[in-house]
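Below is work.tsv, holding TSV, C-alpha atoms and all ligand atoms.
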chain	number	residue	atom	x	y	z
A	1	MET	CA	74.58	-35.07	-19.53
A	2	ALA	CA	72.27	-32.82	-17.52
A	3	GLN	CA	68.70	-33.96	-16.80
A	4	LYS	CA	65.91	-32.77	-19.10
A	5	ILE	CA	63.54	-30.84	-16.85
A	6	THR	CA	60.38	-28.97	-17.82
A	7	PRO	CA	60.12	-25.87	-15.62
A	8	TYR	CA	56.90	-25.13	-13.71
A	9	GLN	CA	54.92	-22.66	-15.79
A	10	TRP	CA	53.22	-19.62	-14.35
A	11	ALA	CA	52.87	-15.96	-15.15
A	12	LYS	CA	56.14	-14.07	-14.66
A	13	ASN	CA	56.83	-10.45	-13.85
A	14	VAL	CA	53.16	-9.57	-13.30
A	15	GLY	CA	52.57	-5.87	-12.55
A	16	SER	CA	50.93	-4.71	-9.32
A	17	GLU	CA	47.95	-3.33	-11.29
A	18	VAL	CA	46.92	-6.92	-12.16
A	19	LEU	CA	44.25	-8.67	-10.11
A	20	ARG	CA	45.53	-12.19	-9.57
A	21	PHE	CA	43.03	-15.03	-9.68
A	22	ASP	CA	45.77	-17.43	-10.79
A	23	THR	CA	47.85	-18.31	-7.71
A	24	ASN	CA	45.40	-19.49	-5.00
A	25	THR	CA	46.68	-16.87	-2.57
A	26	LEU	CA	44.59	-14.85	-0.09
A	27	PRO	CA	43.49	-11.31	-0.98
A	28	SER	CA	45.54	-9.54	1.71
A	29	PRO	CA	48.58	-10.20	3.94
A	30	PRO	CA	47.97	-11.08	7.61
A	31	PRO	CA	47.52	-8.08	9.96
A	32	CYS	CA	50.63	-8.98	11.99
A	33	VAL	CA	52.88	-7.98	9.08
A	34	ASN	CA	52.85	-4.24	9.83
A	35	GLU	CA	53.71	-4.65	13.51
A	36	PHE	CA	56.36	-7.21	12.55
A	37	LEU	CA	58.06	-4.77	10.19
A	38	LYS	CA	58.05	-2.07	12.90
A	39	THR	CA	59.76	-4.36	15.44
A	40	LEU	CA	62.50	-5.01	12.90
A	41	VAL	CA	63.45	-1.33	12.94
A	42	ASP	CA	64.60	-1.64	16.58
A	43	ASN	CA	65.74	-5.26	16.57
A	44	CYS	CA	67.05	-6.93	13.46
A	45	PRO	CA	69.91	-9.34	14.27
A	46	ILE	CA	70.41	-10.21	10.63
A	47	ASN	CA	74.21	-10.39	11.10
A	48	GLU	CA	73.69	-13.68	12.97
A	49	TYR	CA	72.29	-17.06	11.97
A	50	GLY	CA	68.89	-17.84	13.46
A	51	ASP	CA	67.94	-20.92	15.48
A	52	PRO	CA	68.46	-23.97	13.20
A	53	SER	CA	66.07	-26.07	15.31
A	54	TYR	CA	63.22	-23.54	14.78
A	55	LYS	CA	62.23	-24.40	18.36
A	56	LYS	CA	59.70	-21.65	18.89
A	57	LEU	CA	57.99	-22.07	15.52
A	58	LYS	CA	57.82	-25.84	16.02
A	59	ASN	CA	56.23	-25.33	19.41
A	60	LEU	CA	53.59	-23.00	17.95
A	61	ILE	CA	52.84	-25.41	15.07
A	62	SER	CA	52.55	-28.31	17.51
A	63	LYS	CA	49.84	-26.38	19.37
A	64	TYR	CA	48.10	-25.30	16.14
A	65	GLU	CA	48.00	-28.91	14.89
A	66	ASP	CA	47.73	-30.60	18.30
A	67	ILE	CA	50.67	-32.91	17.55
A	68	PRO	CA	54.04	-33.53	19.26
A	69	GLU	CA	56.95	-31.29	18.24
A	70	ASN	CA	59.11	-34.24	17.24
A	71	THR	CA	56.70	-35.09	14.40
A	72	ILE	CA	57.28	-31.74	12.64
A	73	THR	CA	59.90	-30.78	10.05
A	74	ILE	CA	59.95	-27.12	9.10
A	75	THR	CA	60.73	-26.51	5.43
A	76	ASN	CA	61.34	-23.60	3.11
A	77	SER	CA	57.87	-23.90	1.51
A	78	GLY	CA	55.65	-26.84	0.63
A	79	ASP	CA	57.64	-27.23	-2.57
A	80	GLU	CA	60.89	-27.78	-0.66
A	81	ALA	CA	59.03	-30.34	1.44
A	82	LEU	CA	58.29	-32.26	-1.77
A	83	ASP	CA	61.96	-32.19	-2.71
A	84	ILE	CA	62.92	-33.51	0.74
A	85	ILE	CA	60.45	-36.38	0.33
A	86	GLY	CA	61.92	-37.23	-3.08
A	87	LYS	CA	65.46	-37.17	-1.68
A	88	ALA	CA	64.46	-39.33	1.29
A	89	PHE	CA	62.72	-42.13	-0.61
A	90	LEU	CA	63.71	-42.26	-4.27
A	91	ASN	CA	66.63	-44.03	-5.88
A	92	ASP	CA	67.17	-44.18	-9.64
A	93	GLY	CA	64.00	-45.45	-11.35
A	94	ASP	CA	61.91	-45.92	-8.17
A	95	TYR	CA	58.18	-45.55	-8.68
A	96	PHE	CA	55.97	-42.81	-7.31
A	97	LEU	CA	52.21	-42.66	-7.87
A	98	ILE	CA	50.27	-39.53	-8.78
A	99	GLN	CA	46.60	-38.97	-9.57
A	100	PRO	CA	46.40	-36.41	-12.37
A	101	PRO	CA	45.21	-33.79	-12.88
A	102	THR	CA	46.96	-32.78	-9.67
A	103	TYR	CA	49.66	-30.45	-8.34
A	104	GLU	CA	52.36	-30.60	-11.00
A	105	ILE	CA	55.30	-30.26	-8.63
A	106	PHE	CA	54.69	-33.81	-7.28
A	107	LYS	CA	55.85	-35.12	-10.63
A	108	SER	CA	58.59	-32.62	-11.44
A	109	GLN	CA	60.24	-32.78	-8.02
A	110	CYS	CA	60.20	-36.58	-7.94
A	111	GLU	CA	61.57	-36.77	-11.48
A	112	ILE	CA	64.37	-34.40	-10.51
A	113	ASN	CA	65.10	-36.94	-7.75
A	114	ARG	CA	65.26	-39.68	-10.43
A	115	GLY	CA	61.87	-41.26	-9.71
A	116	LYS	CA	59.50	-42.71	-12.30
A	117	ALA	CA	55.82	-41.73	-12.34
A	118	ILE	CA	52.89	-44.10	-12.38
A	119	GLU	CA	49.70	-42.21	-13.18
A	120	VAL	CA	46.26	-43.24	-11.94
A	121	PRO	CA	44.04	-40.45	-13.28
A	122	LEU	CA	41.10	-39.10	-11.31
A	123	LEU	CA	37.74	-40.34	-12.60
A	124	LYS	CA	36.42	-38.50	-15.65
A	125	LYS	CA	33.66	-35.94	-15.12
A	126	THR	CA	33.68	-36.02	-11.28
A	127	PHE	CA	37.46	-35.78	-10.71
A	128	LYS	CA	37.02	-38.16	-7.78
A	129	PRO	CA	39.94	-40.46	-6.93
A	130	ASP	CA	40.01	-43.87	-8.60
A	131	VAL	CA	40.84	-45.64	-5.34
A	132	LYS	CA	40.25	-49.14	-6.74
A	133	ASN	CA	42.89	-48.61	-9.40
A	134	VAL	CA	45.29	-46.92	-6.98
A	135	ILE	CA	45.13	-50.02	-4.79
A	136	LYS	CA	45.53	-52.33	-7.76
A	137	VAL	CA	48.75	-50.54	-8.72
A	138	LEU	CA	50.00	-50.52	-5.13
A	139	LYS	CA	49.49	-54.29	-4.93
A	140	SER	CA	51.30	-54.99	-8.19
A	141	SER	CA	54.19	-52.48	-8.21
A	142	PRO	CA	56.80	-51.43	-5.64
A	143	VAL	CA	55.63	-47.83	-5.26
A	144	LYS	CA	57.81	-45.78	-2.89
A	145	ILE	CA	55.63	-42.66	-2.65
A	146	THR	CA	51.89	-42.29	-3.25
A	147	PHE	CA	50.61	-38.74	-3.54
A	148	VAL	CA	47.14	-37.72	-2.39
A	149	CYS	CA	46.16	-34.06	-2.63
A	150	ASN	CA	43.25	-33.19	-0.33
A	151	PRO	CA	41.61	-30.93	-1.46
A	152	ASN	CA	43.16	-31.49	-4.85
A	153	ASN	CA	44.76	-28.72	-6.88
A	154	PRO	CA	43.50	-27.84	-9.55
A	155	THR	CA	40.12	-29.57	-9.22
A	156	GLY	CA	39.18	-28.60	-5.63
A	157	THR	CA	37.79	-32.11	-5.14
A	158	THR	CA	38.40	-34.24	-2.05
A	159	ILE	CA	39.04	-37.78	-0.91
A	160	THR	CA	37.44	-39.25	2.23
A	161	LEU	CA	39.46	-40.33	5.27
A	162	GLU	CA	38.17	-43.89	4.72
A	163	GLU	CA	39.62	-43.86	1.21
A	164	ILE	CA	42.93	-42.48	2.52
A	165	GLU	CA	43.01	-45.31	5.07
A	166	LEU	CA	42.46	-47.87	2.32
A	167	ILE	CA	45.43	-46.44	0.44
A	168	LEU	CA	47.58	-46.37	3.61
A	169	LYS	CA	46.76	-50.02	4.34
A	170	ASN	CA	47.69	-51.17	0.86
A	171	ALA	CA	50.84	-49.08	0.37
A	172	SER	CA	54.24	-50.65	1.02
A	173	GLY	CA	55.83	-47.20	0.74
A	174	ILE	CA	54.82	-43.86	2.20
A	175	VAL	CA	51.61	-41.97	1.44
A	176	VAL	CA	51.94	-38.20	1.22
A	177	VAL	CA	48.71	-36.34	1.89
A	178	ASP	CA	49.08	-32.75	0.73
A	179	GLU	CA	46.89	-30.57	2.94
A	180	ALA	CA	48.01	-27.17	1.63
A	181	TYR	CA	44.32	-26.17	1.30
A	182	ARG	CA	43.03	-27.92	4.44
A	183	GLU	CA	41.59	-24.85	6.19
A	184	PHE	CA	39.15	-24.22	3.31
A	185	TYR	CA	37.90	-27.80	3.64
A	186	GLY	CA	38.01	-28.39	7.39
A	187	VAL	CA	38.97	-32.08	7.36
A	188	SER	CA	42.45	-33.35	8.19
A	189	CYS	CA	44.06	-36.77	8.33
A	190	VAL	CA	46.24	-35.75	11.30
A	191	PRO	CA	44.22	-38.17	13.53
A	192	LEU	CA	45.39	-41.04	11.28
A	193	LEU	CA	49.04	-40.41	12.23
A	194	ALA	CA	48.59	-42.44	15.42
A	195	LYS	CA	47.51	-45.45	13.35
A	196	TYR	CA	49.77	-45.34	10.28
A	197	ASP	CA	53.55	-45.11	10.29
A	198	ASN	CA	53.66	-44.58	6.53
A	199	LEU	CA	51.60	-41.37	6.56
A	200	VAL	CA	53.29	-38.05	5.76
A	201	ILE	CA	51.29	-34.81	5.75
A	202	LEU	CA	52.42	-31.76	3.81
A	203	ARG	CA	51.48	-28.26	4.91
A	204	SER	CA	52.21	-24.73	3.76
A	205	PHE	CA	51.81	-21.28	5.30
A	206	SER	CA	51.30	-19.89	1.78
A	207	LYS	CA	47.54	-20.33	1.62
A	208	PHE	CA	45.97	-20.43	5.11
A	209	GLY	CA	48.48	-17.93	6.49
A	210	ALA	CA	48.50	-15.56	3.50
A	211	MET	CA	52.29	-15.79	3.53
A	212	ALA	CA	53.12	-17.16	0.05
A	213	GLY	CA	55.99	-14.71	-0.38
A	214	ALA	CA	57.65	-15.79	2.88
A	215	ARG	CA	58.09	-19.45	1.82
A	216	VAL	CA	57.37	-21.52	4.94
A	217	GLY	CA	55.99	-25.04	5.02
A	218	TYR	CA	56.23	-28.17	7.15
A	219	LEU	CA	55.94	-31.92	7.10
A	220	ILE	CA	54.20	-34.03	9.72
A	221	ALA	CA	55.18	-37.68	10.13
A	222	ASN	CA	56.24	-40.17	12.81
A	223	GLU	CA	59.34	-39.31	14.83
A	224	LYS	CA	61.68	-41.59	12.88
A	225	LEU	CA	60.69	-40.21	9.48
A	226	SER	CA	60.83	-36.68	10.86
A	227	GLN	CA	64.44	-37.25	11.89
A	228	VAL	CA	65.26	-38.29	8.31
A	229	PHE	CA	63.51	-35.22	6.86
A	230	ASP	CA	65.26	-32.98	9.38
A	231	ALA	CA	68.64	-34.36	8.32
A	232	ILE	CA	67.92	-33.68	4.63
A	233	ARG	CA	66.58	-30.12	4.90
A	234	PHE	CA	69.06	-27.24	4.78
A	235	PRO	CA	70.33	-26.54	8.33
A	236	LEU	CA	68.80	-23.07	8.11
A	237	GLY	CA	66.63	-23.10	5.02
A	238	ILE	CA	64.18	-20.46	6.22
A	239	SER	CA	65.23	-16.85	6.49
A	240	TYR	CA	65.10	-15.11	9.88
A	241	PHE	CA	62.31	-12.87	8.55
A	242	SER	CA	60.08	-15.71	7.36
A	243	CYS	CA	60.53	-17.73	10.53
A	244	LYS	CA	59.70	-14.78	12.80
A	245	LEU	CA	56.68	-13.82	10.66
A	246	ALA	CA	55.31	-17.39	10.80
A	247	GLU	CA	55.72	-17.34	14.61
A	248	LYS	CA	53.93	-14.01	14.87
A	249	LEU	CA	51.10	-15.24	12.65
A	250	LEU	CA	50.41	-18.22	14.91
A	251	GLU	CA	50.84	-16.13	18.08
A	252	GLU	CA	48.59	-13.26	17.06
A	253	ASN	CA	46.46	-13.96	14.00
A	254	GLN	CA	44.70	-17.28	14.53
A	255	LYS	CA	41.32	-15.58	14.78
A	256	TRP	CA	42.08	-13.67	11.58
A	257	ILE	CA	42.93	-16.98	9.86
A	258	LYS	CA	39.54	-18.36	10.89
A	259	ASP	CA	37.73	-15.21	9.74
A	260	GLN	CA	39.51	-15.20	6.37
A	261	THR	CA	38.72	-18.88	5.87
A	262	LYS	CA	35.06	-18.20	6.64
A	263	MET	CA	35.00	-15.28	4.20
A	264	ILE	CA	36.62	-17.36	1.44
A	265	LYS	CA	34.16	-20.23	1.96
A	266	LYS	CA	31.22	-17.83	1.73
A	267	GLU	CA	32.65	-16.15	-1.38
A	268	ARG	CA	33.31	-19.59	-2.88
A	269	GLU	CA	29.60	-20.36	-2.86
A	270	LYS	CA	28.70	-16.93	-4.23
A	271	LEU	CA	31.27	-16.99	-7.03
A	272	ALA	CA	30.34	-20.55	-8.01
A	273	LEU	CA	26.67	-19.53	-8.22
A	274	SER	CA	27.46	-16.43	-10.31
A	275	LEU	CA	29.56	-18.48	-12.73
A	276	LYS	CA	26.84	-21.13	-13.01
A	277	LYS	CA	24.30	-18.38	-13.74
A	278	LEU	CA	26.53	-17.31	-16.64
A	279	GLY	CA	26.12	-20.85	-17.98
A	280	TYR	CA	29.45	-22.37	-17.03
A	281	LEU	CA	30.11	-25.78	-15.52
A	282	VAL	CA	31.73	-25.28	-12.08
A	283	TYR	CA	33.19	-28.26	-10.26
A	284	PRO	CA	32.35	-28.52	-6.53
A	285	SER	CA	35.38	-27.21	-4.63
A	286	GLN	CA	36.52	-27.43	-1.02
A	287	ALA	CA	39.57	-25.23	-1.66
A	288	ASN	CA	40.09	-21.47	-2.18
A	289	PHE	CA	39.69	-21.80	-5.93
A	290	LEU	CA	37.19	-23.08	-8.48
A	291	LEU	CA	37.75	-25.17	-11.58
A	292	VAL	CA	35.45	-23.85	-14.29
A	293	ASN	CA	34.82	-25.25	-17.74
A	294	PHE	CA	34.77	-22.44	-20.30
A	295	GLY	CA	34.77	-24.94	-23.18
A	296	LYS	CA	36.28	-24.05	-26.54
A	297	LYS	CA	36.34	-20.34	-25.72
A	298	ALA	CA	38.61	-20.79	-22.68
A	299	GLN	CA	41.78	-19.35	-24.22
A	300	VAL	CA	39.98	-16.36	-25.69
A	301	ILE	CA	38.23	-15.63	-22.39
A	302	CYS	CA	41.52	-15.81	-20.47
A	303	GLN	CA	43.17	-13.48	-22.98
A	304	LYS	CA	40.31	-10.96	-22.82
A	305	LEU	CA	40.38	-11.00	-19.02
A	306	LYS	CA	44.13	-10.43	-19.15
A	307	GLU	CA	43.55	-7.36	-21.30
A	308	ASN	CA	41.33	-6.16	-18.42
A	309	ASN	CA	44.18	-6.76	-15.95
A	310	ILE	CA	42.58	-9.92	-14.56
A	311	LEU	CA	44.68	-13.05	-14.50
A	312	VAL	CA	43.16	-16.54	-14.19
A	313	ARG	CA	44.97	-19.87	-14.64
A	314	ASP	CA	44.31	-21.27	-18.07
A	315	LYS	CA	44.49	-25.06	-17.86
A	316	SER	CA	42.43	-25.59	-21.01
A	317	ASN	CA	45.21	-27.15	-23.08
A	318	LYS	CA	46.34	-29.56	-20.34
A	319	LYS	CA	45.59	-33.26	-20.43
A	320	TYR	CA	42.39	-34.15	-18.49
A	321	LEU	CA	41.46	-30.45	-18.23
A	322	GLU	CA	40.30	-29.54	-21.72
A	323	GLY	CA	38.41	-26.25	-21.62
A	324	CYS	CA	39.08	-25.72	-17.89
A	325	VAL	CA	40.29	-22.63	-16.10
A	326	ARG	CA	41.23	-22.38	-12.41
A	327	ILE	CA	40.01	-19.29	-10.60
A	328	THR	CA	41.15	-18.23	-7.12
A	329	ILE	CA	38.47	-17.00	-4.70
A	330	ARG	CA	39.29	-13.45	-3.63
A	331	ASN	CA	37.25	-10.90	-1.64
A	332	GLU	CA	33.71	-9.80	-2.54
A	333	LYS	CA	34.73	-6.65	-4.41
A	334	GLN	CA	37.40	-8.43	-6.45
A	335	ASN	CA	35.17	-11.40	-7.24
A	336	ASN	CA	32.45	-9.00	-8.42
A	337	LYS	CA	34.98	-7.32	-10.69
A	338	LEU	CA	35.76	-10.68	-12.26
A	339	ILE	CA	32.10	-11.52	-12.77
A	340	ASN	CA	31.37	-8.09	-14.27
A	341	SER	CA	34.28	-8.46	-16.68
A	342	LEU	CA	33.00	-11.88	-17.72
A	343	LYS	CA	29.49	-10.50	-18.25
A	344	LYS	CA	30.91	-7.80	-20.54
A	345	LEU	CA	32.76	-10.44	-22.55
A	346	ILE	CA	29.60	-12.44	-23.10
A	401	LIG	C1	48.62	-28.63	-3.54
A	401	LIG	C2	49.79	-27.76	-3.25
A	401	LIG	N1	50.76	-28.22	-2.47
A	401	LIG	C3	51.84	-27.50	-2.18
A	401	LIG	C4	51.99	-26.23	-2.67
A	401	LIG	C5	53.25	-25.51	-2.36
A	401	LIG	O1	53.07	-24.33	-1.69
A	401	LIG	P1	54.31	-23.45	-1.26
A	401	LIG	O2	55.51	-23.94	-2.01
A	401	LIG	O3	53.93	-22.04	-1.62
A	401	LIG	O4	54.47	-23.64	0.21
A	401	LIG	C6	51.00	-25.68	-3.49
A	401	LIG	C7	51.13	-24.34	-4.05
A	401	LIG	O5	50.38	-23.85	-4.84
A	401	LIG	C8	49.87	-26.47	-3.80
A	401	LIG	O6	48.90	-26.03	-4.59
Take the structure I supplied and represent it as structure tokens, if you would.
Amino acid sequence: MAQKITPYQWAKNVGSEVLRFDTNTLPSPPPCVNEFLKTLVDNCPINEYGDPSYKKLKNLISKYEDIPENTITITNSGDEALDIIGKAFLNDGDYFLIQPPTYEIFKSQCEINRGKAIEVPLLKKTFKPDVKNVIKVLKSSPVKITFVCNPNNPTGTTITLEEIELILKNASGIVVVDEAYREFYGVSCVPLLAKYDNLVILRSFSKFGAMAGARVGYLIANEKLSQVFDAIRFPLGISYFSCKLAEKLLEENQKWIKDQTKMIKKEREKLALSLKKLGYLVYPSQANFLLVNFGKKAQVICQKLKENNILVRDKSNKKYLEGCVRITIRNEKQNNKLINSLKKLI
């Protein structure tokens, strides 16, 4: 009998006329894309396999992160990285710990790999982690993987490095800290790698690099774990195009990444203020999105926005997120369009 799996749900086949506030992506691709496409016209060795060790990309990431190359595993997206983690650590019925509401793929990917979820929900109202309870569970159950999302998707809330250390100290298995949104926060647990062998950090080029369509991610962990991850990943899971684009991004667009991050952080404050002025509860966010409580009218508001070609992520019927909608921060003009549409609705 095949496994029963609930597919990840998001808007499909969305037209280019739609303004997307639902996917936590950046408002424009990185500037290196145009030049990259031009170089392909003269040199596109797509008849050959690329370099399965991704040597150059690893070298560039090691400089970007200030970590040794042998602690990096390049993956075909952050989502594939989650699958690799599940494959590496889970046997039938093994426990993994999640802190809902959080990134849904933690659960689905680990269940596909036959794991069993233990849920320690974030605290009501603040969406802060319930570290006491996490530790209680870790002390009483053989948990193989503990997931920490920092900043957390979809709440935008964070966990301190001290709290992460507490979890690392009490975990008999590995602790995965998902830092897909790190740049919009500015705090990383990379310095903890030297102290904790059970720490695994997940990263993705989708958000900070504005490369969601290219599908490139990576894991950071001690050398031994990295060798295991490297053995599990597809020998050449990333296409030639995606690998070369990620290299070019780190070679040429690091200043642009910083500028975009700065712009998003500024817009985050402005958009939060505008939404609060409209009377909505906005949770404090350190990511490139806001969780907003639209209350009982959430579904109607989302539908009306959709009719105006504006897509937001309706989470209002999800457990722990009643009435909530997740809104990506885009550029000033686009954010203003969203606010004006909301004003018209009211
Ligand atoms: C918290 C978190 N982790 C990982 C990912 C995976 O990103 P990707 O598969 O695009 O690399 C996402 C994507 O939205 C995310 O929100």
Practice prompt. Excluding A:Phe21 and residues on its chain fewer than 4 positions from it, collect all residues at most 7 Å away from it, counting all atoms listed in the file, and give them as a PyMOL selection string.
Written response: chain A and resi 311-312+327-328
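Nearest residue to A:Leu271 among A:Asn331, A:Asn253, A:Asn24, A:Ser140 is A:Asn331, counting all atoms listed in the file.
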Fill in: Near-ligand residues for ligand LIG 401 (chain A), threshold 10 Å, all atoms listed in the file, as a PyMOL selection string
chain A and resi 22-25+75-82+102-106+148-154+156+177-182+202-207+210-218+287
May I have the selected residues written with C-alpha atoms, as an mmCIF file, in the coordinates of the input?
data_model
loop_
_atom_site.group_PDB
_atom_site.id
_atom_site.type_symbol
_atom_site.label_atom_id
_atom_site.label_comp_id
_atom_site.auth_asym_id
_atom_site.auth_seq_id
_atom_site.Cartn_x
_atom_site.Cartn_y
_atom_site.Cartn_z
ATOM 1 C CA ASP A 22 45.770 -17.430 -10.790
ATOM 2 C CA THR A 23 47.850 -18.310 -7.710
ATOM 3 C CA ASN A 24 45.400 -19.490 -5.000
ATOM 4 C CA THR A 25 46.680 -16.870 -2.570
ATOM 5 C CA THR A 75 60.730 -26.510 5.430
ATOM 6 C CA ASN A 76 61.340 -23.600 3.110
ATOM 7 C CA SER A 77 57.870 -23.900 1.510
ATOM 8 C CA GLY A 78 55.650 -26.840 0.630
ATOM 9 C CA ASP A 79 57.640 -27.230 -2.570
ATOM 10 C CA GLU A 80 60.890 -27.780 -0.660
ATOM 11 C CA ALA A 81 59.030 -30.340 1.440
ATOM 12 C CA LEU A 82 58.290 -32.260 -1.770
ATOM 13 C CA THR A 102 46.960 -32.780 -9.670
ATOM 14 C CA TYR A 103 49.660 -30.450 -8.340
ATOM 15 C CA GLU A 104 52.360 -30.600 -11.000
ATOM 16 C CA ILE A 105 55.300 -30.260 -8.630
ATOM 17 C CA PHE A 106 54.690 -33.810 -7.280
ATOM 18 C CA VAL A 148 47.140 -37.720 -2.390
ATOM 19 C CA CYS A 149 46.160 -34.060 -2.630
ATOM 20 C CA ASN A 150 43.250 -33.190 -0.330
ATOM 21 C CA PRO A 151 41.610 -30.930 -1.460
ATOM 22 C CA ASN A 152 43.160 -31.490 -4.850
ATOM 23 C CA ASN A 153 44.760 -28.720 -6.880
ATOM 24 C CA PRO A 154 43.500 -27.840 -9.550
ATOM 25 C CA GLY A 156 39.180 -28.600 -5.630
ATOM 26 C CA VAL A 177 48.710 -36.340 1.890
ATOM 27 C CA ASP A 178 49.080 -32.750 0.730
ATOM 28 C CA GLU A 179 46.890 -30.570 2.940
ATOM 29 C CA ALA A 180 48.010 -27.170 1.630
ATOM 30 C CA TYR A 181 44.320 -26.170 1.300
ATOM 31 C CA ARG A 182 43.030 -27.920 4.440
ATOM 32 C CA LEU A 202 52.420 -31.760 3.810
ATOM 33 C CA ARG A 203 51.480 -28.260 4.910
ATOM 34 C CA SER A 204 52.210 -24.730 3.760
ATOM 35 C CA PHE A 205 51.810 -21.280 5.300
ATOM 36 C CA SER A 206 51.300 -19.890 1.780
ATOM 37 C CA LYS A 207 47.540 -20.330 1.620
ATOM 38 C CA ALA A 210 48.500 -15.560 3.500
ATOM 39 C CA MET A 211 52.290 -15.790 3.530
ATOM 40 C CA ALA A 212 53.120 -17.160 0.050
ATOM 41 C CA GLY A 213 55.990 -14.710 -0.380
ATOM 42 C CA ALA A 214 57.650 -15.790 2.880
ATOM 43 C CA ARG A 215 58.090 -19.450 1.820
ATOM 44 C CA VAL A 216 57.370 -21.520 4.940
ATOM 45 C CA GLY A 217 55.990 -25.040 5.020
ATOM 46 C CA TYR A 218 56.230 -28.170 7.150
ATOM 47 C CA ALA A 287 39.570 -25.230 -1.660
#
Worksheet item: So, counting all atoms listed in the file, which residue among A:Gln109, A:Gln9, A:Thr39, A:Ser53 is closest to A:Ile85?
Response: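 Result for the nearest residue to A:Ile85: A:Gln109.
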Discussion item. Between atom CA of A:Asp51 and atom CA of A:Pro30, what is the distance in Å, rounded to a tenth?
Written reply: 23.6 Å
Fill in: A:Cys302, A:Ile72, A:Ile145, A:Leu278 ranked by distance to A:Lys224, top pick (using only C-alpha atoms)
A:Ile72
Worksheet entry | Selected residue, from A:Lys258, A:Lys265, A:Lys296, A:Lys306, that lies nearest to A:Leu338 when counting all atoms listed in the file |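 Smallest separation from A:Leu338 among the options: A:Lys306.
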Discussion item. Just want the 12 Å neighbourhood of A:Lys132, counted on only C-alpha atoms, with same-chain residues fewer than 6 positions away dropped. Output as a ChimeraX atom specification.
Written reply: /A:120-123,138-139,163-164,166-167,170
Discussion item. My list of candidates is A:Leu281, A:Ile74, A:Ile112, A:Leu168. Which is closest to A:Gly86 when distances are computed with all atoms listed in the file?
Written reply: A:Ile112
Worksheet item: Given the choices A:Lys244, A:Lys277, A:Lys333, A:Lys315, which gets closest to A:Leu40 if the distance is worked out from all atoms listed in the file?
Response: A:Lys244
Worksheet item: What is the atom CA of A:Lys87 to atom CA of A:Ser172 distance in Å?
Response: 17.7 Å
Worksheet item: So which residues fall inside 7 Å of (48.6, -8.4, -16.0) if we count all atoms listed in the file? Mind giving them as JSON, numbers by chain?
Response: {"A": [14, 15, 17, 18, 306, 309, 310, 311]}
Worksheet entry | Computed interatomic separation between atom CA of A:Thr261 and atom CA of A:Ile84 (Å) | 28.7 Å
Listed atoms of stretch 119-134 of chain A boxed along x, y and z, 8 Å each side, centre and edge lengths in Å, one decimal, as AutoDock Vina command-line options:
--center_x 41.7 --center_y -42.5 --center_z -10.5 --size_x 32.0 --size_y 29.4 --size_z 26.3
Fill in: Ref. answer, residues at most 6 Å from (37.6, -25.8, -9.2) with all atoms listed in the file, as a PyMOL selection string
chain A and resi 155-156+283+285+289-292+326
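The shell of residues at most 10 Å from A:Lys262, with all atoms listed in the file counted and near chain neighbours (fewer than 6 positions) removed, consists of Glu183, Phe184, Trp256 and Arg268 of chain A.
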